[in-house]
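Quick look at work-v2.txt (compact mmCIF, C-alpha atoms):
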```txt
# COMPACT_ATOMS: atom_id res chain seq x y z
CA MET X 863 19.88 21.61 -17.97
CA THR X 864 18.06 24.64 -16.57
CA ILE X 865 17.72 24.91 -12.82
CA SER X 866 14.70 26.69 -11.32
CA ILE X 867 14.27 27.45 -7.61
CA ASN X 868 10.95 28.47 -6.12
CA CYS X 869 9.88 29.20 -2.56
CA LEU X 870 6.78 27.10 -1.93
CA VAL X 871 6.09 28.18 1.64
CA ASP X 872 7.34 31.48 3.05
CA SER X 873 7.16 30.14 6.61
CA GLN X 874 10.24 31.95 8.00
CA SER X 875 10.84 28.80 10.05
CA THR X 876 13.31 29.17 12.90
CA VAL X 877 14.92 25.83 11.97
CA GLY X 878 13.07 24.29 9.04
CA GLU X 879 14.25 20.69 8.70
CA GLY X 880 13.50 17.03 8.05
CA PRO X 881 11.68 17.01 4.67
CA LEU X 882 10.17 13.58 3.98
CA TRP X 883 8.20 12.65 0.87
CA ASP X 884 5.14 10.46 1.49
CA SER X 885 4.25 8.74 -1.78
CA ARG X 886 1.15 7.20 -0.19
CA ILE X 887 -0.57 10.59 -0.11
CA ASP X 888 1.70 12.69 -2.35
CA ARG X 889 2.57 15.06 0.47
CA LEU X 890 5.80 16.42 1.91
CA TRP X 891 6.26 16.29 5.67
CA TRP X 892 8.75 18.66 7.32
CA VAL X 893 9.34 20.32 10.67
CA ASP X 894 10.36 23.46 12.52
CA ILE X 895 12.57 21.90 15.17
CA PRO X 896 12.46 24.32 18.15
CA LEU X 897 8.79 25.19 17.64
CA GLY X 898 7.85 21.50 17.74
CA VAL X 899 5.69 21.86 14.62
CA VAL X 900 5.18 19.19 11.96
CA TYR X 901 4.07 20.42 8.53
CA ARG X 902 2.28 18.53 5.75
CA PHE X 903 2.58 20.23 2.37
CA ASN X 904 0.43 19.51 -0.69
CA PRO X 905 2.39 20.46 -3.84
CA SER X 906 -0.74 20.30 -5.99
CA SER X 907 -2.72 22.85 -4.02
CA GLY X 908 0.07 24.69 -2.22
CA HIS X 909 -1.71 24.09 1.08
CA ASN X 910 0.61 23.70 4.08
CA GLU X 911 -0.98 22.19 7.21
CA HIS X 912 0.67 22.43 10.61
CA PHE X 913 0.47 20.19 13.68
CA VAL X 914 1.83 21.14 17.10
CA VAL X 915 3.69 18.28 18.79
CA GLY X 916 4.50 20.07 22.04
CA GLU X 917 8.26 19.58 22.10
CA PRO X 918 11.18 20.01 19.67
CA VAL X 919 11.04 17.55 16.75
CA GLY X 920 14.30 16.73 14.99
CA CYS X 921 13.23 14.33 12.26
CA MET X 922 10.70 11.66 11.36
CA ALA X 923 10.07 8.52 9.34
CA LEU X 924 6.99 7.11 7.69
CA ARG X 925 5.33 4.30 9.63
CA GLU X 926 4.31 1.28 7.57
CA SER X 927 0.98 0.75 9.33
CA ALA X 928 0.01 4.45 9.29
CA GLY X 929 1.25 7.80 10.51
CA LEU X 930 4.79 8.76 11.46
CA VAL X 931 7.62 7.93 13.81
CA LEU X 932 9.11 11.05 15.42
CA ALA X 933 12.54 11.61 16.97
CA THR X 934 12.06 14.45 19.46
CA LYS X 935 13.54 16.11 22.51
CA THR X 936 12.45 13.20 24.69
CA GLY X 937 12.89 10.18 22.42
CA PHE X 938 11.07 8.18 19.76
CA TYR X 939 7.27 8.32 19.36
CA PHE X 940 4.54 6.99 17.11
CA TYR X 941 2.54 9.99 15.92
CA ASP X 942 -0.78 10.50 14.16
CA ALA X 943 -0.93 14.07 12.92
CA ASP X 944 -4.68 14.18 12.34
CA SER X 945 -5.70 12.87 15.76
CA GLY X 946 -2.71 14.25 17.65
CA GLU X 947 -2.07 10.84 19.23
CA LYS X 948 1.55 10.50 20.38
CA ILE X 949 2.74 7.16 21.79
CA ALA X 950 6.15 6.81 23.43
CA ILE X 951 8.45 4.08 22.10
CA ALA X 952 11.86 4.64 23.68
CA ASP X 953 14.09 7.37 25.10
CA PRO X 954 17.70 6.19 24.72
CA GLU X 955 19.10 9.36 26.33
CA ALA X 956 16.73 9.82 29.23
CA ASP X 957 19.82 10.44 31.36
CA GLN X 958 20.84 13.41 29.15
CA PRO X 959 17.97 15.92 29.37
CA ASP X 960 20.05 18.63 27.66
CA ASN X 961 20.21 16.59 24.45
CA ARG X 962 17.63 16.34 21.67
CA PHE X 963 17.29 14.41 18.44
CA ASN X 964 18.32 16.13 15.23
CA ASP X 965 18.72 14.49 11.80
CA GLY X 966 17.75 10.98 10.75
CA GLY X 967 16.10 8.56 8.34
CA THR X 968 15.49 4.89 7.60
CA ASP X 969 17.79 2.30 6.09
CA ARG X 970 16.61 0.05 3.24
CA GLN X 971 15.02 -2.33 5.73
CA GLY X 972 13.07 0.44 7.46
CA ARG X 973 15.15 0.68 10.61
CA PHE X 974 14.95 4.28 11.84
CA TRP X 975 18.32 5.92 12.52
CA ALA X 976 18.42 9.31 14.25
CA GLY X 977 21.19 11.34 15.84
CA THR X 978 21.26 13.47 18.96
CA MET X 979 22.95 16.76 19.82
CA PHE X 980 23.42 19.02 22.83
CA ASP X 981 20.56 21.49 23.23
CA GLY X 982 21.08 22.89 26.71
CA ALA X 983 20.78 26.49 27.85
CA VAL X 984 24.51 26.74 28.59
CA LYS X 985 26.84 26.07 25.67
CA SER X 986 28.94 22.91 25.93
CA ASN X 987 32.35 22.35 24.38
CA ASP X 988 32.01 18.56 24.55
CA PRO X 989 30.58 16.32 21.79
CA HIS X 990 27.54 14.75 23.46
CA GLY X 991 25.75 13.44 20.35
CA ALA X 992 25.32 9.92 19.00
CA PHE X 993 23.31 8.06 16.36
CA TYR X 994 20.70 5.55 17.50
CA ARG X 995 18.97 2.77 15.60
CA LEU X 996 15.31 2.10 16.36
CA ASP X 997 14.40 -1.48 15.41
CA ALA X 998 10.94 -2.77 14.53
CA SER X 999 10.76 -4.30 18.02
CA GLY X 1000 11.02 -0.83 19.58
CA GLN X 1001 14.50 -1.55 20.93
CA THR X 1002 17.29 0.97 20.37
CA TRP X 1003 20.99 0.48 19.67
CA ARG X 1004 23.72 3.12 20.02
CA GLY X 1005 25.86 3.55 16.92
CA PRO X 1006 28.49 6.12 15.93
CA ASP X 1007 29.02 8.71 18.67
CA GLY X 1008 31.22 11.67 19.68
CA PHE X 1009 29.31 14.37 17.74
CA PHE X 1010 28.53 18.01 18.43
CA THR X 1011 25.77 18.11 15.81
CA THR X 1012 24.71 14.84 14.17
CA ASN X 1013 23.59 15.35 10.60
CA GLY X 1014 23.57 14.16 7.01
CA LEU X 1015 22.20 10.65 7.55
CA ALA X 1016 21.47 8.77 4.31
CA PHE X 1017 21.93 5.35 2.76
CA SER X 1018 23.12 4.47 -0.73
CA PRO X 1019 20.45 3.13 -3.13
CA ASP X 1020 21.67 -0.46 -2.63
CA GLY X 1021 21.77 0.03 1.14
CA ASN X 1022 25.37 -1.03 1.52
CA THR X 1023 26.77 2.40 2.40
CA MET X 1024 25.79 4.66 5.28
CA TYR X 1025 26.50 8.41 5.21
CA PHE X 1026 26.51 10.80 8.17
CA SER X 1027 28.08 14.13 9.02
CA GLU X 1028 29.12 16.64 11.66
CA SER X 1029 28.02 20.26 11.20
CA ASN X 1030 30.18 21.83 13.90
CA ALA X 1031 32.61 24.38 12.42
CA SER X 1032 35.59 22.68 14.05
CA VAL X 1033 34.84 19.37 12.25
CA ARG X 1034 32.54 20.01 9.22
CA THR X 1035 33.01 16.56 7.71
CA VAL X 1036 30.87 13.98 5.91
CA TRP X 1037 31.76 10.32 6.49
CA ARG X 1038 30.69 7.07 4.91
CA CYS X 1039 31.01 3.47 6.02
CA ASP X 1040 30.06 -0.01 4.89
CA TYR X 1041 26.68 -1.04 6.27
CA ASP X 1042 25.68 -4.58 7.24
CA GLN X 1043 22.05 -4.72 6.12
CA ASP X 1044 21.39 -8.03 7.86
CA ASP X 1045 22.31 -6.75 11.31
CA GLY X 1046 21.96 -2.98 10.81
CA VAL X 1047 25.52 -2.35 11.97
CA PRO X 1048 27.81 0.29 10.38
CA GLY X 1049 31.47 -0.46 9.78
CA GLU X 1050 34.47 1.77 10.29
CA ARG X 1051 33.93 5.30 9.05
CA GLU X 1052 36.08 7.03 6.44
CA VAL X 1053 36.08 10.64 5.29
CA PHE X 1054 33.80 11.17 2.30
CA LEU X 1055 34.00 14.98 2.10
CA ASP X 1056 35.95 17.46 4.21
CA THR X 1057 34.32 20.87 3.77
CA ALA X 1058 37.13 22.89 5.37
CA GLY X 1059 37.76 25.93 3.18
CA MET X 1060 34.38 25.59 1.45
CA PRO X 1061 31.59 28.18 1.78
CA GLY X 1062 29.22 25.94 3.71
CA ARG X 1063 29.23 23.19 6.33
CA PRO X 1064 27.44 19.82 6.12
CA ASP X 1065 23.80 19.74 7.12
CA GLY X 1066 21.09 17.33 5.96
CA GLY X 1067 21.62 14.93 3.07
CA THR X 1068 19.92 12.49 0.72
CA VAL X 1069 20.86 10.29 -2.25
CA ASP X 1070 19.73 9.89 -5.85
CA THR X 1071 19.37 6.83 -8.08
CA ASP X 1072 22.90 7.37 -9.44
CA GLY X 1073 24.28 6.86 -5.95
CA CYS X 1074 25.24 10.52 -5.56
CA TYR X 1075 24.92 12.24 -2.20
CA TRP X 1076 23.15 15.61 -2.00
CA MET X 1077 24.21 17.91 0.84
CA ALA X 1078 22.75 21.15 2.16
CA ALA X 1079 25.75 23.44 2.64
CA VAL X 1080 24.49 25.38 5.64
CA SER X 1081 25.81 28.96 5.95
CA GLY X 1082 27.17 28.60 2.42
CA TRP X 1083 24.11 29.50 0.28
CA GLN X 1084 24.46 26.21 -1.64
CA VAL X 1085 23.23 22.67 -2.20
CA LEU X 1086 25.87 20.25 -3.47
CA ARG X 1087 25.78 16.96 -5.38
CA ILE X 1088 28.69 14.66 -4.59
CA THR X 1089 29.53 11.54 -6.60
CA PRO X 1090 30.19 8.17 -4.91
CA GLN X 1091 33.89 8.94 -5.45
CA GLY X 1092 33.60 12.03 -3.25
CA GLU X 1093 33.79 14.58 -6.09
CA ILE X 1094 31.45 17.59 -6.22
CA ASP X 1095 29.82 17.54 -9.65
CA GLN X 1096 26.94 19.99 -9.15
CA VAL X 1097 26.62 23.21 -7.15
CA ILE X 1098 23.25 24.91 -6.83
CA ASP X 1099 23.31 28.47 -5.50
CA MET X 1100 20.40 29.18 -3.18
CA PRO X 1101 18.68 32.50 -2.36
CA ILE X 1102 19.10 31.73 1.34
CA GLU X 1103 22.23 31.42 3.46
CA ARG X 1104 21.22 28.41 5.53
CA PRO X 1105 19.66 25.56 3.53
CA SER X 1106 19.19 22.68 5.97
CA LYS X 1107 18.16 19.49 4.17
CA PRO X 1108 17.34 18.32 0.63
CA MET X 1109 14.84 15.55 -0.14
CA PHE X 1110 13.55 14.31 -3.49
CA GLY X 1111 9.80 14.11 -3.91
CA GLY X 1112 6.90 14.58 -6.27
CA PRO X 1113 5.19 11.75 -8.19
CA ASP X 1114 8.39 11.01 -10.16
CA LEU X 1115 10.81 11.84 -7.29
CA LYS X 1116 12.52 14.47 -9.47
CA THR X 1117 11.69 17.58 -7.45
CA LEU X 1118 14.36 18.44 -4.90
CA PHE X 1119 12.67 19.96 -1.86
CA VAL X 1120 14.93 21.99 0.45
CA THR X 1121 14.16 23.29 3.94
CA SER X 1122 15.97 26.28 5.43
CA ILE X 1123 16.77 28.18 8.62
CA ASN X 1124 15.81 31.71 9.64
CA ALA X 1125 18.06 31.84 12.72
CA GLY X 1126 21.72 32.79 12.94
CA LEU X 1127 21.78 34.69 9.66
CA THR X 1128 24.74 36.91 8.80
CA PRO X 1129 23.89 40.52 9.73
CA GLY X 1130 23.47 42.81 6.75
CA THR X 1131 22.49 40.07 4.28
CA THR X 1132 19.24 40.31 2.34
CA GLN X 1133 17.34 37.03 2.34
CA PRO X 1134 13.63 37.64 2.99
CA LEU X 1135 12.74 34.02 2.21
CA ALA X 1136 15.09 32.52 4.81
CA GLY X 1137 13.33 29.76 6.72
CA GLY X 1138 11.11 28.90 3.77
CA LEU X 1139 10.47 25.62 1.97
CA PHE X 1140 11.94 25.52 -1.55
CA ALA X 1141 11.59 23.34 -4.64
CA ILE X 1142 14.42 22.87 -7.13
CA GLU X 1143 13.54 21.61 -10.61
CA GLY X 1144 15.86 20.62 -13.44
CA THR X 1145 18.65 18.86 -11.54
CA GLY X 1146 18.50 15.88 -13.89
CA ALA X 1147 18.45 13.57 -10.86
CA GLN X 1148 15.83 11.30 -9.34
CA GLY X 1149 15.46 10.32 -5.72
CA VAL X 1150 15.15 6.95 -4.01
CA PRO X 1151 11.87 6.17 -2.17
CA GLU X 1152 12.03 6.33 1.62
CA VAL X 1153 11.38 2.98 3.29
CA PRO X 1154 8.70 3.06 6.03
CA TYR X 1155 9.49 1.93 9.55
CA PRO X 1156 7.88 -1.53 9.90
CA GLY X 1157 6.57 -1.15 13.46
```
As structure tokens, what does this structure read like?
Amino acid sequence: MTISINCLVDSQSTVGEGPLWDSRIDRLWWVDIPLGVVYRFNPSSGHNEHFVVGEPVGCMALRESAGLVLATKTGFYFYDADSGEKIAIADPEADQPDNRFNDGGTDRQGRFWAGTMFDGAVKSNDPHGAFYRLDASGQTWRGPDGFFTTNGLAFSPDGNTMYFSESNASVRTVWRCDYDQDDGVPGEREVFLDTAGMPGRPDGGTVDTDGCYWMAAVSGWQVLRITPQGEIDQVIDMPIERPSKPMFGGPDLKTLFVTSINAGLTPGTTQPLAGGLFAIEGTGAQGVPEVPYPG
């Protein structure tokens, strides 16, 4: 197995995040969170379009009818990139204006889960973040909470296991729990991977058809593959310090796209491609299609 890593877009994104493969159009969506920019990348041509949303965008999901669902600074929205139309759905933390949405994705029924984090001007030492479920009806439900930085949301291929993580250096843990697919309710969490003593901390995650969890090890120059038993069985060294989220894509779902961050880099390090969008080939793994939100 020969691994190759290529920078597809040298965007120098402040916080490149949220890659999402859209098999309907063979494009990769991704974002620069603080700039409030949504990108649409065409792997065939190399063309990378950008769309300005007007506020920080944490993550997104495909919408079954058309377009996207965004989780932003001010809540959930339907969004049409080409027209710029943005329709409010719900703001579950309207009473917490210093929070914003961060990482998220859909379960196997298309419910959109997204987590919040503190994003105020003055640093807080309290964990303000929580995960929210957006149902097809447009109603929201508060799930696991008590996070500094919600991250790593993914569901096992069969949908029965939910993964999520905390990136904060004092916690740096990935959890998993049983997931009731009928009601969309997670069970009691258990530690899946404690990254204390490892080079990087948990950031975004995804799964492959073998049920393994792929984790961007932010600040650790690595992307990791973790078996369902919680064992690391593949380590991919990256040319950038802060990979932020992996996502399988391409026509066969065998290309591992990875976003990255160009903020908070270690002084004195040489990483001119930090903040870029990368493609990893040769992992031997295949991704699981993302389920569109049914609303």
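Residues lying within 12 Å of X:Asp1042, counting only C-alpha atoms and ignoring same-chain neighbours fewer than 2 positions away, are Asp969, Arg970, Gln971, Phe1017, Asp1020, Gly1021, Asn1022, Thr1023, Met1024, Cys1039, Asp1040, Asp1044, Asp1045, Gly1046, Val1047, Pro1048, Gly1049 and Glu1050 of chain X.
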Give the answer as one residue: which of X:Pro1090, X:Pro918, X:Pro1061, X:Pro954 has the shortest atom-to-atom distance to X:Phe993, using only C-alpha atoms? X:Pro954
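Restricting the calculation to all atoms listed in the file, the smallest distance between X:Ile1094 and any of X:Phe903, X:Pro1156, X:Phe1054, X:Gly1112 is found for X:Phe1054.
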If we count only C-alpha atoms and set the cut-off at 10 Å, which residues sit around stretch 1008-1014 of chain X, ignoring sequence neighbours fewer than 5 positions away in its own chain? Please answer as number ranges by chain. X: 963-967, 976-981, 986-993, 1024-1037, 1064-1068, 1075-1078, 1106-1108
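Distance annotation: of X:Thr1089, X:Gln1001, X:Ser906, X:Ser1018, the residue with the minimal separation from X:Gly1157 is X:Gln1001; atom set is only C-alpha atoms.
Comparing the minimum interatomic distances between X:Gly880 and each of X:Gln1084, X:Thr934, X:Thr1131, X:Gln1091, counting only C-alpha atoms, we find that X:Thr934 sits nearest.
Distance annotation: of X:Glu1093, X:Asp944, X:Glu879, X:Glu955, the residue with the minimal separation from X:Cys921 is X:Glu879; atom set is all atoms listed in the file.
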Here is a test: counting only C-alpha atoms, which residue of X:Ile887, X:Ala952, X:Ala1079, X:Leu897 is nearest to X:Ala928? X:Ile887
